[in-house]
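Undergrad: Got a structure for you, protein.txt, holding compact mmCIF, C-alpha atoms.
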```txt
# COMPACT_ATOMS: atom_id res chain seq x y z
CA MET A 64 -1.63 0.65 0.35
CA ARG A 65 -2.18 4.01 1.95
CA HIS A 66 -1.87 4.08 5.74
CA GLY A 67 -5.00 4.08 7.90
CA LYS A 68 -6.62 7.16 9.42
CA ALA A 69 -4.12 8.90 11.70
CA GLU A 70 -4.35 11.41 14.49
CA PRO A 71 -4.23 14.96 13.14
CA PHE A 72 -1.31 16.16 15.27
CA ALA A 73 1.79 14.88 17.02
CA ALA A 74 5.09 16.35 18.14
CA GLU A 75 6.35 15.48 14.63
CA ASP A 76 4.39 14.39 11.58
CA HIS A 77 6.47 11.20 11.43
CA ARG A 78 5.14 10.21 14.88
CA ARG A 79 1.41 10.50 14.12
CA GLU A 80 -0.30 7.29 15.30
CA LEU A 81 -3.38 5.58 13.91
CA THR A 82 -6.74 6.41 15.39
CA PRO A 83 -8.97 3.53 16.56
CA ARG A 84 -10.81 3.83 13.24
CA GLY A 85 -7.48 3.66 11.40
CA ARG A 86 -6.59 0.40 13.16
CA ARG A 87 -10.04 -1.11 12.43
CA ASP A 88 -9.93 -0.07 8.77
CA ALA A 89 -6.42 -1.46 8.28
CA ALA A 90 -7.41 -4.75 9.95
CA GLU A 91 -10.43 -5.00 7.65
CA ALA A 92 -8.16 -4.37 4.65
CA GLY A 93 -5.96 -7.23 5.85
CA ALA A 94 -9.02 -9.49 6.09
CA TRP A 95 -9.96 -8.49 2.54
CA LEU A 96 -6.47 -9.41 1.34
CA ALA A 97 -6.73 -12.80 3.05
CA ASP A 98 -10.21 -13.41 1.60
CA HIS A 99 -8.78 -12.78 -1.87
CA GLY A 100 -5.74 -15.01 -1.44
CA LEU A 101 -3.36 -12.05 -1.33
CA LYS A 102 -1.13 -12.82 1.63
CA PRO A 103 1.96 -10.62 1.29
CA THR A 104 5.28 -12.42 1.04
CA HIS A 105 7.22 -9.14 1.14
CA ALA A 106 6.29 -5.79 2.67
CA TYR A 107 7.91 -2.40 2.18
CA VAL A 108 6.67 -0.09 4.90
CA SER A 109 7.32 3.59 5.55
CA SER A 110 8.99 4.23 8.88
CA ALA A 111 6.24 6.69 9.88
CA ALA A 112 4.27 5.56 12.95
CA ARG A 113 0.97 5.55 11.03
CA ALA A 114 2.37 3.26 8.31
CA LEU A 115 3.91 0.91 10.89
CA GLY A 116 0.60 0.81 12.75
CA THR A 117 -1.23 0.09 9.52
CA TRP A 118 1.03 -2.84 8.74
CA ALA A 119 0.64 -4.19 12.29
CA SER A 120 -3.15 -4.02 11.96
CA VAL A 121 -3.12 -5.63 8.49
CA THR A 122 -1.07 -8.54 9.78
CA GLN A 123 -3.54 -9.20 12.59
CA THR A 124 -6.07 -10.38 10.02
CA VAL A 125 -4.10 -11.45 6.96
CA GLU A 126 -1.77 -13.69 9.00
CA ALA A 127 1.06 -13.23 6.54
CA GLU A 128 4.61 -14.39 7.18
CA ALA A 129 6.02 -11.56 5.09
CA GLU A 130 9.61 -10.46 4.90
CA VAL A 131 9.29 -6.87 6.12
CA SER A 132 11.53 -3.96 5.20
CA ILE A 133 10.94 -0.71 7.08
CA GLU A 134 12.14 2.13 4.87
CA ASP A 135 12.85 5.70 5.99
CA SER A 136 12.99 6.66 2.32
CA LEU A 137 9.29 5.82 1.84
CA TYR A 138 8.26 8.65 4.17
CA ASN A 139 7.51 11.63 1.89
CA ALA A 140 8.60 9.56 -1.13
CA ASP A 141 7.52 10.30 -4.66
CA PRO A 142 6.36 7.44 -6.93
CA GLU A 143 9.81 7.09 -8.49
CA ARG A 144 11.39 6.48 -5.08
CA VAL A 145 8.73 3.90 -4.24
CA LEU A 146 9.43 2.21 -7.59
CA ASP A 147 13.15 2.10 -6.75
CA VAL A 148 12.38 0.35 -3.46
CA LEU A 149 9.95 -2.12 -5.05
CA ARG A 150 12.47 -2.97 -7.77
CA GLY A 151 14.60 -4.39 -4.97
CA ALA A 152 12.06 -7.12 -4.19
CA PRO A 153 13.55 -10.59 -4.67
CA ALA A 154 12.76 -12.33 -7.95
CA ASP A 155 10.77 -15.00 -6.10
CA ALA A 156 8.51 -12.48 -4.29
CA GLU A 157 4.92 -13.46 -4.97
CA VAL A 158 2.78 -10.82 -3.27
CA VAL A 159 4.47 -7.52 -2.50
CA ILE A 160 2.80 -4.77 -0.51
CA TYR A 161 3.85 -1.16 -0.13
CA VAL A 162 2.43 0.62 2.93
CA GLY A 163 2.94 4.33 2.69
CA HIS A 164 1.43 7.70 2.00
CA ASN A 165 -0.46 9.76 -0.50
CA PRO A 166 0.04 11.21 -3.03
CA ALA A 167 2.66 8.53 -3.75
CA ALA A 168 0.25 5.58 -3.35
CA ALA A 169 -2.33 6.94 -5.80
CA SER A 170 0.29 8.21 -8.25
CA LEU A 171 2.09 4.87 -8.18
CA ALA A 172 -1.10 2.93 -8.97
CA HIS A 173 -1.79 5.17 -11.98
CA LEU A 174 1.84 5.08 -13.10
CA LEU A 175 2.10 1.28 -13.00
CA ASP A 176 -1.20 0.55 -14.75
CA SER A 177 -0.79 -0.51 -18.37
CA GLY A 178 -3.89 1.32 -19.57
CA ASP A 179 -6.20 -1.71 -19.49
CA PRO A 180 -7.43 -1.69 -15.89
CA GLU A 181 -10.38 -3.60 -14.48
CA PRO A 182 -13.10 -0.98 -15.06
CA ASP A 183 -14.67 -0.99 -11.60
CA ALA A 184 -11.27 -0.82 -9.90
CA PHE A 185 -10.25 2.08 -12.12
CA ARG A 186 -13.48 3.94 -11.39
CA GLN A 187 -12.95 3.54 -7.64
CA LEU A 188 -9.30 4.58 -7.85
CA SER A 189 -10.24 7.63 -9.92
CA GLU A 190 -12.69 8.75 -7.23
CA GLY A 191 -9.83 9.16 -4.75
CA TYR A 192 -7.40 7.20 -2.62
CA PRO A 193 -8.65 7.42 0.98
CA THR A 194 -6.88 6.13 4.05
CA ALA A 195 -6.62 2.32 4.33
CA ALA A 196 -7.13 1.95 0.57
CA LEU A 197 -5.47 -0.82 -1.42
CA ALA A 198 -4.77 -0.83 -5.14
CA VAL A 199 -4.07 -4.38 -6.34
CA LEU A 200 -1.93 -4.62 -9.45
CA ALA A 201 -0.95 -7.73 -11.37
CA VAL A 202 2.71 -7.23 -12.29
CA ALA A 203 3.74 -8.55 -15.69
CA VAL A 204 7.52 -8.19 -15.37
CA PRO A 205 10.27 -9.23 -12.93
CA TRP A 206 10.37 -6.89 -9.92
CA SER A 207 13.70 -5.50 -11.07
CA ASP A 208 12.03 -4.31 -14.29
CA LEU A 209 9.05 -2.65 -12.62
CA ASP A 210 8.31 0.61 -14.40
CA GLU A 211 5.59 2.72 -15.94
CA ALA A 212 2.78 0.63 -17.49
CA THR A 213 4.19 -2.75 -16.40
CA ALA A 214 1.20 -3.85 -14.33
CA ARG A 215 -2.58 -4.02 -14.54
CA LEU A 216 -4.95 -2.60 -11.94
CA VAL A 217 -7.18 -5.55 -11.04
CA ALA A 218 -8.86 -4.45 -7.79
CA PHE A 219 -9.30 -1.52 -5.47
CA HIS A 220 -10.52 -1.79 -1.89
CA VAL A 221 -10.97 0.69 0.93
CA GLY A 222 -10.65 -0.78 4.42
CA ASN A 223 -13.83 -0.06 6.33
CA GLY A 224 -13.85 -1.72 9.72
```
Just give me the structure as structure tokens.
TA:
Amino acid sequence: MRHGKAEPFAAEDHRRELTPRGRRDAAEAGAWLADHGLKPTHAYVSSAARALGTWASVTQTVEAEAEVSIEDSLYNADPERVLDVLRGAPADAEVVIYVGHNPAAASLAHLLDSGDPEPDAFRQLSEGYPTAALAVLAVAVPWSDLDEATARLVAFHVGNG
């Protein structure tokens, strides 16, 4: 998931907070996850204020009891770094969510997809990865084996609260 809409400026980029729209959109994305039975069991969240705010808003509506890991390394991470973090998910993790930034979020979704995506989801993903967007991938391997083409893009949703 890409973080929600954030304020354009702050003393440091890492401190940029969500706008009211960003909070609403992230909460709507959480409601969408809940409606689709996708309550995260594990969350890997960038330490940036906008990612933390996104996760807080998501949890207001998804009501997940996720094990949360706040990761400094996910701020400005490339897709390979995000993969490294996700590979650390416990073997029994059922629904894992990454809350971070672009271009890593979009690149990761493309990297993980096996080449047989759900067509509508792929079309939406190919049109861009806006704030509060979620790419849902069905992972076909143990988390420790997560790599290129080891998942299938099954849905794409943009939070719009």
Undergrad: Check the smallest atom-to-atom distance from each of A:Ala127, A:Ala112, A:Ala184, A:Asp210 to Arg144 of chain A using only C-alpha atoms, then report the winner.
TA: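 Once distances to Arg144 of chain A are computed over only C-alpha atoms, the minimum belongs to A:Asp210.
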Undergrad: Excluding same-chain residues fewer than 4 positions from Ala154 of chain A, what lies within 8 Å of it counting only C-alpha atoms, as an MDAnalysis selection string?
TA: chainID A and resid 205:207
Undergrad: Give me, as a count of residues only, all polymer residues having an atom no more than 12 Å from His99 of chain A, counting only C-alpha atoms and skipping those fewer than 5 positions away in the same chain.
TA: 10
Undergrad: Find, counting all atoms listed in the file, the residue in A:Ala169, A:Leu137, A:Pro142, A:Ala111 that gets nearest to Asp76 of chain A.
TA: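 Nearest to Asp76 of chain A: A:Ala111.
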Undergrad: What does the structure give for the distance between atom CA of Arg186 of chain A and atom CA of Leu171 of chain A, in Å to one decimal?
TA: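 The value is 15.9 Å.
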Undergrad: Using all atoms listed in the file, can you tell me which of A:Leu146, A:Val159, A:Ala152, A:Met64 comes closest to Thr213 of chain A?
TA: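 Nearest to Thr213 of chain A: A:Leu146.
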Undergrad: So, with only C-alpha atoms as the atoms that count, which of A:Val145, A:Ala214, A:Ala195, A:Val204 lies closest to His173 of chain A?
TA: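 Going through A:Val145, A:Ala214, A:Ala195, A:Val204 one by one, the smallest distance to His173 of chain A is for A:Ala214.
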Undergrad: Restricting the calculation to only C-alpha atoms, which member of A:Leu216, A:Gly67, A:Pro153, A:Val108 is positioned closest to Asp176 of chain A?
TA: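 Closest residue, counting only C-alpha atoms: A:Leu216.
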Undergrad: So what do you get for atom CA of Gln123 of chain A versus atom CA of Leu149 of chain A, distance-wise?
TA: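 Atom-to-atom, atom CA of Gln123 of chain A and atom CA of Leu149 of chain A are spaced 23.3 Å apart.
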Undergrad: Measuring atom to atom with only C-alpha atoms, identify which of A:Asn223, A:Ser189, A:Ser177, A:Thr122 is nearest to Ala97 of chain A.
TA: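 Of A:Asn223, A:Ser189, A:Ser177, A:Thr122, the one nearest Ala97 of chain A, counting only C-alpha atoms, is A:Thr122.
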Undergrad: Interatomic distance between atom CA of Glu75 of chain A and atom CA of Ala167 of chain A?
TA: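 Atom CA of Ala167 of chain A lies at a distance of 20.0 Å from atom CA of Glu75 of chain A.
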Undergrad: Considering all atoms listed in the file, return as a ChimeraX atom specification whatever protein or nucleic-acid residues lie within 7 Å of Ser120 of chain A, sequence-local ones (same chain, fewer than 6 positions apart) excluded.
TA: /A:86,89-90
Undergrad: For Arg87 of chain A, work out the shell of residues within 7 Å, counting all atoms listed in the file and skipping chain neighbours fewer than 4 positions away, then give it as an MDAnalysis selection string.
TA: chainID A and resid 83 91 224
Undergrad: Extract, using all atoms listed in the file, all DNA, RNA and protein residues at most 9 Å from Gly163 of chain A, discarding same-chain residues fewer than 3 positions from it, and format them as a CSV table (one decimal) with C-alpha atoms, in the coordinates of the input.
TA:
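This went into out17.csv:
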```
chain,number,residue,atom,x,y,z
A,64,MET,CA,-1.6,0.6,0.4
A,65,ARG,CA,-2.2,4.0,2.0
A,66,HIS,CA,-1.9,4.1,5.7
A,107,TYR,CA,7.9,-2.4,2.2
A,108,VAL,CA,6.7,-0.1,4.9
A,109,SER,CA,7.3,3.6,5.6
A,110,SER,CA,9.0,4.2,8.9
A,111,ALA,CA,6.2,6.7,9.9
A,113,ARG,CA,1.0,5.6,11.0
A,114,ALA,CA,2.4,3.3,8.3
A,115,LEU,CA,3.9,0.9,10.9
A,137,LEU,CA,9.3,5.8,1.8
A,138,TYR,CA,8.3,8.6,4.2
A,139,ASN,CA,7.5,11.6,1.9
A,140,ALA,CA,8.6,9.6,-1.1
A,167,ALA,CA,2.7,8.5,-3.8
A,168,ALA,CA,0.2,5.6,-3.4
```
